[in-house]
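Q: One structure coming up, written as structure tokens, with questions to follow.
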Protein chains: 2
Amino acid sequence: MILTLEVDGDVPLYQQLRDRIVEAIADGRLHVGDSLPATRQLAADLGINMHTVNKAYDLLRREGLIRLARRTGAVVIRDAFTGPPPAGVADEWEERARTLLAEAVAKGLDPSDVTHRVQRILDGFPAGSSVRPTPER
Amino acid sequence: MILTLEVDGDVPLYQQLRDRIVEAIADGRLHVGDSLPATRQLAADLGINMHTVNKAYDLLRREGLIRLARRTGAVVIRDAFTGPPPAGVADEWEERARTLLAEAVAKGLDPSDVTHRVQRILDGFPAGSSVRPTPER
DNA sequence: TCTTTGTTATAGTTTTTCTAGAACAAAGAG
DNA sequence: CTCTTTGTTCTAGAAAAACTATAACAAAGA
């Protein structure tokens with residue numbers, strides 16, 4: 001898994017790392033059961049500290065996306081096909097979505113353009129190609 | 001304009017303030033030409049420091065949403081009907097949208113549900129109710 | 001001229017971020 | 001059973017960000 005981080009950006013490294021992994025899961029480049037690199041290994045590869053990777057992994061664990069265990073390492077336990085998300089996840093997500101969408105509208109982006117962009121992004125995800133009323137697997 | 005901030009949240013106060021104002025613009029509760037409260041006044045109302053408000057206003061200014069001037073104060077200069085956004089704004093927005101949408105998918109939200117939620121949010125904005133191929137006003 | 005309002009400067013505290021090194025603990029590999 | 005790998009925890013420190021507090025400056029409308 002190739003990851004690149006912006007060292008001089010305004011987004012914290014552990015947040016960027018978390019985001020890239022979330023995107024990898026959504027993209028289908030990571031599936032349930034897949035292992036993430038060991039914290040020490042990934043830290044070395046990225047040229048950052050072990051604890052920074054640790055923090056990103058801890059975030060993903062608290063979000064219910066990975067399982068952490070000694071010796072086994074970090075393993076993906078959630079993807080688009082795993083089943084319905086815990087209650088509250090959708091509403092909490094929507095709240096943040098509302099802020100982002102408000103920004104688009106406030107800045108004058110055409111709402112239908114926004115819709116199309118969102119649709120295109122979703123369609124780009126493996127799980128977004130087909131309507132999925134009931135979870136598979 | 002009534003605003004409430006989460007003092008003990010993990011989102012910086014100036015960021016929350018910026019978000020609430022962006023939402024107010026998108027909601028149509030703030031229009032082009034409307035004045036925001038003076039920094040000292042708003043700081044006092046919210047029980048926070050003047051410089052924190054200042055930082056939020058400065059963000060909004062750099063985003064092209066308000067104009068700042070002495071004596072005149074902070075005035076909204078952009079809303080959904082002002083015209084097309086500067087080049088690059090849409091693409092920069094889409095990049096962040098992609099991360100947020102990836103999170104939804106990775107957490108198992110049904111893509112069609114995500115679409116519906118996005119649509120409902122957009123429709124809730126005054127500018128989102130009707131298709132707007134060409135800017136009005 | 002006075003007052004309002006943004007702007008800038010200085011300074012200090014607290015929290016967050018990132019790094020560094022070390023040791024501990026569980027669990028699979030051999 | 002021993003060794004090694006991997007997450008976990010601890011301490012510590014540096015740098016940056018966030019927030020507060022005061023004060024003074026500067027422009028511009030009343």
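Residue numbers start at 1 in each chain; chains themselves are named A, B, ... in the order of the structure tokens; ligands are numbered from 1 in the order shown.
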Quick one: which region 5-64 of chain B residues come within 8 Å of region 11-19 of chain D, and what is the nearest atom pair for each with the distance in Å to one decimal, counting only C-alpha atoms (C1' of nucleotides), rows ordered by chain and ascending number, as JSON lines?
A:
```
{"residue": "B:Pro12", "atom": "CA", "partner": "D:DA18", "partner_atom": "C1'", "distance": 7.2}
{"residue": "B:Asn49", "atom": "CA", "partner": "D:DC19", "partner_atom": "C1'", "distance": 7.4}
{"residue": "B:Thr52", "atom": "CA", "partner": "D:DC19", "partner_atom": "C1'", "distance": 7.2}
```
Q: Would you export the selected residues with N, CA and C atoms as a PDB file, in the first residue's frame, please?
A:
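What landed in part-v1.pdb:
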```
ATOM      1  N   PRO B  12     -11.694  23.349  17.098  1.00  0.00           N
ATOM      2  CA  PRO B  12     -11.316  24.676  17.580  1.00  0.00           C
ATOM      3  C   PRO B  12     -12.479  25.664  17.511  1.00  0.00           C
ATOM      4  N   ASN B  49     -12.655  35.073  23.448  1.00  0.00           N
ATOM      5  CA  ASN B  49     -11.756  36.199  23.216  1.00  0.00           C
ATOM      6  C   ASN B  49     -11.965  36.825  21.837  1.00  0.00           C
ATOM      7  N   THR B  52     -10.124  35.271  18.891  1.00  0.00           N
ATOM      8  CA  THR B  52     -10.674  34.018  18.369  1.00  0.00           C
ATOM      9  C   THR B  52     -11.724  34.315  17.303  1.00  0.00           C
TER      10      THR B  52
END
```
Q: Quick one: residues within 9 Å of Val32 (chain B), only C-alpha atoms (C1' of nucleotides), excluding same-chain residues fewer than 3 positions away - as an NGL selection string?
A: :B and (25 or 35 or 66 or 75-79 or 81-82)
Q: Can you list, as a ChimeraX atom specification, every protein, DNA or RNA residue that comes within 12 Å of DC25 (chain D) when you count only C-alpha atoms (C1' of nucleotides), leaving out same-chain residues fewer than 3 positions away?
A: /C:6-9
Q: Could you please select, counting only C-alpha atoms (C1' of nucleotides), the residues of chain A within 8 Å of chain D and state them as a VMD selection string?
A: chain A and resid 38 68 to 73
Q: In Å to one decimal, how far is CA of Asp113 (chain A) from CA of Gly83 (chain B)?
A: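 Separation between CA of Gly83 (chain B) and CA of Asp113 (chain A): 13.9 Å.
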